[in-house]
Structure formats: structure tokens, C-alpha cells
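Reading through the C-alpha cells given below for one structure.
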Amino acid sequence: MSSNLSLSREDIVRLCERVEGAQTRAYAIPKLTNEYPQMSIADGYAVQNELRRRFIAQGHKQVGWKAGLTSRAKMQQMGVSVPSIGFLTDRMARPENSAISTADLVHPRVECEVAFVMKADLQGPGCTAADVLAATDYVLPAVEIIDSRFSGFKFDLASVIADNGSSARFVGGGRARYVEDLDLPTLGVVMEKNGEIVAMGAAAAVMGHPAEAIAMLVNILAEMDEMLPAGSFVMSGGITEAIAVQPGDSIVARFQELGSVSMRFVE
Ligand code: 0L1
Ligand code: MG
């Protein structure tokens, strides 16, 4: 992927500092391609990798990865046509049923996802959904709280990849299940906000099968000379479009076979 870089190392560090400031101090910035229209997807991942390197140097622990923009609903909502990946750290995790502060977020949205916990390393290229299922310890229901740092959630693929795929917080919960006991594509989910149903879908919305999204993620990692280690927590992407939340909102995501995941949002 590095051969497709158009930005200098100096520009990558500069953009990383811009994204890091917006993420850690919760303010919106214009999409990066306004200033760097030539920015490629490889440039976006170079900025994301620099951000990951900095966070780890600051003591954050990487716990896994996320696949993003993996459903047609999400791609249409955000106006892009290719999925992406981002990293997850311990600082982004929140307990089930907790109160999640919005003071350190810009304009949070929630989406229901199936999360995979891996029991074996996976290495691309050529990783398939069957490889993913064989390497999966268990799956569990999760809600991702995304928070694009770009004004009005307006971005292109290179910018959103640099912003770590809008990753902000995530909550895992419900019941952990073995994949062989489930028919993952037909697994349904209903999301309620303040007791009203606001979104619903089946996991097939994620590339036909959520394991396809994890295989895609492993193959993107391979392009960056990385693998997915055993023990990783991996989110496979939103099944429905993302729903905006604000202080006072309470969210319950009810998953068929996997139980529910709840949280509320506070100032
Ligand atoms: O997890 C996702 O699908 C989000 C990817 C980034 C796009 C967005 O901010 O909605
Ligand atoms: Mg997501």
C-alpha cells in the first residue's frame, strides 16, 4: 500500500496531529482532502497508522480492529463505495449499561454490530470468510459509537480512514456464542432509542455475511504487512445506518440469539 502514497512523511505527521487534536479535544475539522485533494486511501491509512503509533506510545492498549462502511445502508448514508478498517483501544471500551459522556465527543451516532473474538492468528492476503469462522473463538453483540471528527459528518474515504474510521467508543455485551451454533447472516437486530424502534436489520446486510467483513479487514491488514492476532476483538460493521444520540438518550440493541446491549448518554 505504501507505493500509493502521495503525501510526504511531513504531511502525514501534520495531518495526524490535526486528527489527534480533533479526537482528543472533541472538535470538528474540515475533511482533509480540502487541503490535500490528491490524498489517496494509502495516505489515509498512513495517517491512521501514525495515530495508532502515537496512542500506543501514550499508553493506550490496542484490543482489536473494526471494519467500517461494510453495509450498503452505511455506504449510501456516507456516500462512499469501499469498506475501511480502523483500530480499537482499551480507552474506547465502555461497560454495558453504563452512562457514556458526550462531553468528549463531537456528534456521536450508534450502530449495531456483531463482534468477533479470535482464537487463532489470521494472515492475508487471500483470507476468506471460512478462514475467519475457523479462527473465531466466539461472537458477541456490540454497539459502536462512531463520531466523525469532520464537520457535518461530511468526508470522503481517504479522510475518514485517516480519522480511524470515525471510531470513538464501543460497548460489547449480551451473550457470547459459538459461530457454529448460529446462522449469522439471518441474525436479526432491532435498535431502540428511548423505547422507540429506530433501526432494524439482519447481519447479512454486512457484505452478505459478517465474516466476509473480517476477511476483508485481514486482507487490508496484509497490505500494511500486518496480521490479526489471536485474542483480537473485531467489530464487523454496522448492520443498519447509524443513529444520532444526545445527552438523555437511552439505547437498547436487541439481537436475535445474542441478547441485548444497553447504554445511556449523559452530558
Ligand atoms: O463503523 C463505520 O461503519 C463507520 C465508518 C466511518 C463512517 C462514518 O463515520 O459513518
Ligand atoms: Mg461501525
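Residue numbering restarts at 1 for every chain of the C-alpha cells, chains are lettered A, B, ... in their displayed order, and ligands are numbered from 1 as they appear.
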
Closest contacts (chain A/ligand 1, max 9 Å, only C-alpha atoms and all ligand atoms) as a Markdown table:
| residue | atom | partner | partner_atom_place_in_ligand_line | distance |
| --- | --- | --- | --- | --- |
| A:Lys66 | CA | ligand 1 | 1 (O) | 7.0 |
| A:Ala67 | CA | ligand 1 | 1 (O) | 6.4 |
| A:Gly68 | CA | ligand 1 | 3 (O) | 3.3 |
| A:Leu69 | CA | ligand 1 | 3 (O) | 3.8 |
| A:Thr70 | CA | ligand 1 | 3 (O) | 6.3 |
| A:Ser71 | CA | ligand 1 | 3 (O) | 7.8 |
| A:Lys74 | CA | ligand 1 | 3 (O) | 6.2 |
| A:Met75 | CA | ligand 1 | 7 (C) | 8.1 |
| A:Gln77 | CA | ligand 1 | 10 (O) | 7.5 |
| A:Met78 | CA | ligand 1 | 10 (O) | 6.0 |
| A:Val80 | CA | ligand 1 | 7 (C) | 8.8 |
| A:Pro83 | CA | ligand 1 | 3 (O) | 7.9 |
| A:Ser84 | CA | ligand 1 | 5 (C) | 7.1 |
| A:Ile85 | CA | ligand 1 | 5 (C) | 8.0 |
| A:Gly86 | CA | ligand 1 | 1 (O) | 8.4 |
| A:Arg109 | CA | ligand 1 | 10 (O) | 8.0 |
| A:Glu111 | CA | ligand 1 | 1 (O) | 7.7 |
| A:Glu113 | CA | ligand 1 | 1 (O) | 8.9 |
| A:Glu144 | CA | ligand 1 | 1 (O) | 7.0 |
| A:Ile145 | CA | ligand 1 | 1 (O) | 8.3 |
| A:Ile146 | CA | ligand 1 | 9 (O) | 5.9 |
| A:Asp147 | CA | ligand 1 | 9 (O) | 6.2 |
| A:Ser148 | CA | ligand 1 | 9 (O) | 4.8 |
| A:Arg149 | CA | ligand 1 | 9 (O) | 8.4 |
| A:Phe150 | CA | ligand 1 | 9 (O) | 8.7 |
| A:Phe153 | CA | ligand 1 | 9 (O) | 6.4 |
| A:Lys154 | CA | ligand 1 | 9 (O) | 8.6 |
| A:Phe155 | CA | ligand 1 | 9 (O) | 8.4 |
| A:Leu157 | CA | ligand 1 | 6 (C) | 8.3 |
| A:Val160 | CA | ligand 1 | 6 (C) | 5.9 |
| A:Ile161 | CA | ligand 1 | 6 (C) | 7.6 |
| A:Asp163 | CA | ligand 1 | 6 (C) | 8.5 |
| A:Asn164 | CA | ligand 1 | 6 (C) | 8.0 |
| A:Gly165 | CA | ligand 1 | 6 (C) | 4.3 |
| A:Ser166 | CA | ligand 1 | 9 (O) | 4.6 |
| A:Ser167 | CA | ligand 1 | 1 (O) | 6.8 |
| A:Met235 | CA | ligand 1 | 1 (O) | 8.4 |
| A:Ser236 | CA | ligand 1 | 1 (O) | 8.4 |
| A:Gly237 | CA | ligand 1 | 3 (O) | 5.3 |
| A:Gly238 | CA | ligand 1 | 3 (O) | 5.5 |
| A:Ile239 | CA | ligand 1 | 3 (O) | 8.9 |
| A:Glu241 | CA | ligand 1 | 10 (O) | 8.2 |
| A:Ala242 | CA | ligand 1 | 10 (O) | 6.7 |

(message) Which residues are close to A:Leu32, i.e. within 6 Å by only C-alpha atoms, leaving aside same-chain residues fewer than 2 positions away? Reply as an NGL selection string.
(response) :A and (34-35 or 159)

(request) Name the residues in contact with A:Ser232 at a cut-off of 7 Å, using only C-alpha atoms, excluding same-chain residues fewer than 5 positions from it; report them as a list in words. (result) Val63, Gly64, Val117 and Met118 of chain A

Quick one: write out the picked residues with N, CA, C and O atoms as a compact mmCIF listing (two decimals), in the first residue's frame?
# COMPACT_ATOMS: atom_id res chain seq x y z
N VAL A 63 -6.81 -3.26 21.42
CA VAL A 63 -7.54 -4.50 21.74
C VAL A 63 -8.04 -5.20 20.48
O VAL A 63 -8.46 -6.35 20.55
N GLY A 64 -8.04 -4.50 19.38
CA GLY A 64 -8.52 -5.13 18.15
C GLY A 64 -8.70 -4.13 17.03
O GLY A 64 -8.01 -3.09 16.99
N VAL A 117 -14.39 -12.51 18.48
CA VAL A 117 -13.17 -12.64 19.29
C VAL A 117 -12.40 -13.83 18.70
O VAL A 117 -12.95 -14.93 18.54
N MET A 118 -11.14 -13.60 18.36
CA MET A 118 -10.37 -14.58 17.59
C MET A 118 -9.58 -15.52 18.52
O MET A 118 -9.07 -15.10 19.55

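With only C-alpha atoms and all ligand atoms as the atoms that count, the residue of A:Val245, A:Ala46, A:Leu105, A:Ala73 with the shortest distance to ligand 2 is A:Ala73.
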
(request) Go through A:Met207, A:Leu187, A:Ala142, A:Leu217 one by one, measure the shortest atom-to-atom distance of each to ligand 2 using only C-alpha atoms and all ligand atoms, and give the residue with the smallest value. (result) A:Ala142
